[in-house]
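J.: Take this structure first; my questions come after.
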Amino acid sequence: MADRAKGGRGDGGAARGDAGAARPDAGGDPPRQRESAPRAVAARVLARVWGSDAFASAALDAELRRAPAMDPRDVGLATELVYGVLRAQGALEVRIAEFAAKGRWTADPLVRAHVLMGAYSLCFLDRVPPFAAVSEAVDGAQAAGGPRVGAFANAVLRKLATAVEAGGRPPLAGAVVASAPGWLRGALRRSLGRAAAEAFLSAGPVPPPTGLCLAPGEDRDAWLEALRAAAPSASFEAGRVSPRAIVARGAGDLRRLPGFGAAWIGQEEGAQALALALGARPGERVLDACAGRGNKSWLLSRAVLPGGAVDAADLYPAKLSQLRAALSAPPASSESAGAEGAEGAGAEAGDALAGDALAGDALAGGALAGAGGGGLARAAAFVRETYAVDWTVGAGDVPEGYDRVLVDAPCSGVGTLRRRPEITLRREADDLPRLADLQVAIARRAATRARDGGRLVFAVCSVLREECEAVAARLAATAEDDLGVRLEPAPFDAEIARELAAGSDAFRLLPHVHGTDGYFAAMFVVRR
């Protein structure tokens, strides 16, 4: 379980603030000017990430909402600077250290942001002229820290520019891999192999596209046509893994598009695959045991109709309140259902240890037209009951007898690095055994709510062996507790999962292979 980011990586050339920077005068010193809008936005986002533990995508969204008139090219540059600096931060700081005797420039988050953005532009953005990259960075650093800081930034970045001109631009992929903490590189190599670990760390695009999840029965080709007509400047393509997925770039606020909240919601494609892997069928009782704000519950609630029911549980009552606001209406029959979506909360974001691994997810909706304005009849998403429960302590009021249980457990969130590059700054090797113990405790307790012969899917938005195969093995082993359940590994019975797992009882999704965020899922049959 682990945000969304507006805008894509701009390919339309340098942002206007960069392209318009004056060239150096005869003495070689670039004249000073105000920092450009995209760099100012990116600097504030980076300062919040470093200074107040903000999530980059959420902070970037907030900044871009304050600048609705910003040119799309500038949005693209701000986005690339934020994600690029965070992904390559370690390598950039090593390069700057070659020319800076002291590291005190890192103490002020805004100064640090402007210096690192200048270094990133010099090393990796060939569309930004070096003189413009230096000039913009110096202006920003001076505005944040004063003339002496500006002079420092000017001297250091000029030396870096000279070094890059002499030696050539380094490969970004190598810088991203080198910037990952040593413990993470080691864990990925143990889990995936050396080559795959490097491919995972450097996988793009960054940030990834936004995923849309169609409700069961919706025609994906029809919705592709309708969405392309509604937002001709955006890109909409069919997903590669989930049969319900449409991946969008440059779509802006999803709530403004036709069908939002009724025919589809925002949900990352790999997260869709996890929900579909549960194999929920019409008439079944399903428990979403770590539901967050309910994106998987939305999909599951459609899958069990007619005659079934979905209940949702989570540690955090605030998330359940948002889920109830979005999914508390009783299901309409297929004959009477209109195209009205649920009203509710915004994006699933926040703590990767407790959040849902969805990027750009939202459940808010209003009166919405069907594909192409046709008002397709559909049943409303509906969660029957919600339960605030700490599975490590007990099962609370959650009843027994579920046919299927989904445990999208808290984890390191490493699988979401493309969306949340700041994770590398906030996770340590010591987190892994603690999280693995938590995952085992949650999954085993949630299993007690399943009927004998019921099925449980354990899932995490991580690709690390310590949180994936090692946890699945512990769940399958004889337990020393008195919960009265056994978990037997079993092949998936959902078509999408059978294909991903090649007939086995577990699968892993990888960004460089499947184009999704990174996930792991394992299927068990519960025996009592």
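Identifiers in the structure tokens: chain A, B, ... in order shown; residue index from 1 per chain; ligand index from 1 in order shown.
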Name all residues at most 10 Å from Val471 of chain A (count only C-alpha atoms; drop same-chain ones fewer than 6 positions away) and give them as a list in words.
T.: Pro433, Leu435, Ala436, Asp437, Leu438, Gln439, Val440, Ala443, Phe458, Arg465, Ala477 and Ala522 of chain A
J.: How about saving the chosen residues, N, CA and C atoms kept, as a PDB file, in the first residue's frame?
T.:
```pdb
ATOM      1  N   PRO A 433      12.481  -5.703   8.342  1.00  0.00           N
ATOM      2  CA  PRO A 433      11.999  -6.754   9.262  1.00  0.00           C
ATOM      3  C   PRO A 433      10.795  -6.301  10.080  1.00  0.00           C
ATOM      4  N   LEU A 435       8.442  -4.181   9.111  1.00  0.00           N
ATOM      5  CA  LEU A 435       7.280  -4.214   8.228  1.00  0.00           C
ATOM      6  C   LEU A 435       6.859  -5.646   7.910  1.00  0.00           C
ATOM      7  N   ALA A 436       7.821  -6.529   7.746  1.00  0.00           N
ATOM      8  CA  ALA A 436       7.480  -7.932   7.465  1.00  0.00           C
ATOM      9  C   ALA A 436       6.700  -8.544   8.631  1.00  0.00           C
ATOM     10  N   ASP A 437       7.124  -8.263   9.859  1.00  0.00           N
ATOM     11  CA  ASP A 437       6.375  -8.762  11.023  1.00  0.00           C
ATOM     12  C   ASP A 437       4.956  -8.201  11.030  1.00  0.00           C
ATOM     13  N   LEU A 438       4.823  -6.926  10.697  1.00  0.00           N
ATOM     14  CA  LEU A 438       3.504  -6.296  10.657  1.00  0.00           C
ATOM     15  C   LEU A 438       2.631  -6.949   9.593  1.00  0.00           C
ATOM     16  N   GLN A 439       3.199  -7.210   8.428  1.00  0.00           N
ATOM     17  CA  GLN A 439       2.439  -7.817   7.336  1.00  0.00           C
ATOM     18  C   GLN A 439       1.947  -9.209   7.713  1.00  0.00           C
ATOM     19  N   VAL A 440       2.788  -9.995   8.337  1.00  0.00           N
ATOM     20  CA  VAL A 440       2.384 -11.339   8.755  1.00  0.00           C
ATOM     21  C   VAL A 440       1.251 -11.249   9.778  1.00  0.00           C
ATOM     22  N   ALA A 443      -2.054 -10.134   7.991  1.00  0.00           N
ATOM     23  CA  ALA A 443      -2.615 -11.142   7.090  1.00  0.00           C
ATOM     24  C   ALA A 443      -3.186 -12.326   7.870  1.00  0.00           C
ATOM     25  N   PHE A 458      -2.613 -11.848  -0.386  1.00  0.00           N
ATOM     26  CA  PHE A 458      -1.679 -10.958   0.301  1.00  0.00           C
ATOM     27  C   PHE A 458      -0.963 -10.146  -0.762  1.00  0.00           C
ATOM     28  N   ARG A 465      12.289  -8.876  -1.669  1.00  0.00           N
ATOM     29  CA  ARG A 465      12.067 -10.244  -1.226  1.00  0.00           C
ATOM     30  C   ARG A 465      11.644 -10.310   0.239  1.00  0.00           C
ATOM     31  N   ALA A 477       3.823 -21.176   6.484  1.00  0.00           N
ATOM     32  CA  ALA A 477       4.420 -22.061   7.479  1.00  0.00           C
ATOM     33  C   ALA A 477       3.462 -22.282   8.643  1.00  0.00           C
ATOM     34  N   ALA A 522       0.268 -12.774  -3.591  1.00  0.00           N
ATOM     35  CA  ALA A 522       0.281 -14.227  -3.391  1.00  0.00           C
ATOM     36  C   ALA A 522      -1.116 -14.672  -2.970  1.00  0.00           C
TER      37      ALA A 522
END
```
J.: Using only C-alpha atoms, find the one residue out of A:Ala325, A:Leu254, A:Ala231, A:Arg169 that sits nearest to Asp126 of chain A.
T.: A:Arg169
J.: Contacts of Leu417 of chain A at 9 Å or less, counting only C-alpha atoms, minus same-chain residues fewer than 6 places along, as an MDAnalysis selection string?
T.: chainID A and resid 87 201 423:424 517:518
J.: Restricted to N, CA and C atoms, what would the selected residues look like written as a PDB file, in the first residue's frame?
T.:
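again_18.pdb, freshly written:
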```pdb
ATOM      1  N   ARG A  87      15.378  12.008  -7.670  1.00  0.00           N
ATOM      2  CA  ARG A  87      15.890  10.706  -8.106  1.00  0.00           C
ATOM      3  C   ARG A  87      17.407  10.693  -8.192  1.00  0.00           C
ATOM      4  N   LEU A 201      15.269   0.649 -10.875  1.00  0.00           N
ATOM      5  CA  LEU A 201      15.558   1.971 -10.321  1.00  0.00           C
ATOM      6  C   LEU A 201      15.483   3.070 -11.375  1.00  0.00           C
ATOM      7  N   ILE A 423      10.795   8.401  -1.179  1.00  0.00           N
ATOM      8  CA  ILE A 423      10.836   7.201  -0.338  1.00  0.00           C
ATOM      9  C   ILE A 423      12.270   6.827  -0.003  1.00  0.00           C
ATOM     10  N   THR A 424      13.193   7.031  -0.928  1.00  0.00           N
ATOM     11  CA  THR A 424      14.591   6.661  -0.660  1.00  0.00           C
ATOM     12  C   THR A 424      15.194   7.489   0.460  1.00  0.00           C
ATOM     13  N   ASP A 517       3.426   0.305 -11.554  1.00  0.00           N
ATOM     14  CA  ASP A 517       4.244   0.360 -10.355  1.00  0.00           C
ATOM     15  C   ASP A 517       4.623  -1.060  -9.960  1.00  0.00           C
ATOM     16  N   GLY A 518       5.510  -1.176  -8.986  1.00  0.00           N
ATOM     17  CA  GLY A 518       5.968  -2.489  -8.556  1.00  0.00           C
ATOM     18  C   GLY A 518       5.094  -3.069  -7.466  1.00  0.00           C
TER      19      GLY A 518
END
```
J.: Using backbone DSSP assignments, extract all strand (DSSP E) residues from segment 92-285 of chain A; output them as a list in words.
T.: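 DSSP-assigned strand (DSSP E) residues in segment 92-285 of chain A: Thr210, Gly211, Leu212, Cys213, Leu214, Ser235, Phe236, Glu237, Ala238, Ala245, Ile246, Val247, Ala248, Arg249, Trp264, Ile265, Gly266 and Arg285 of chain A.
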J.: Using only C-alpha atoms, can you tell me which of A:Ala318, A:Ala497, A:Ala447, A:Ala326 comes closest to Ser297 of chain A?
T.: A:Ala326
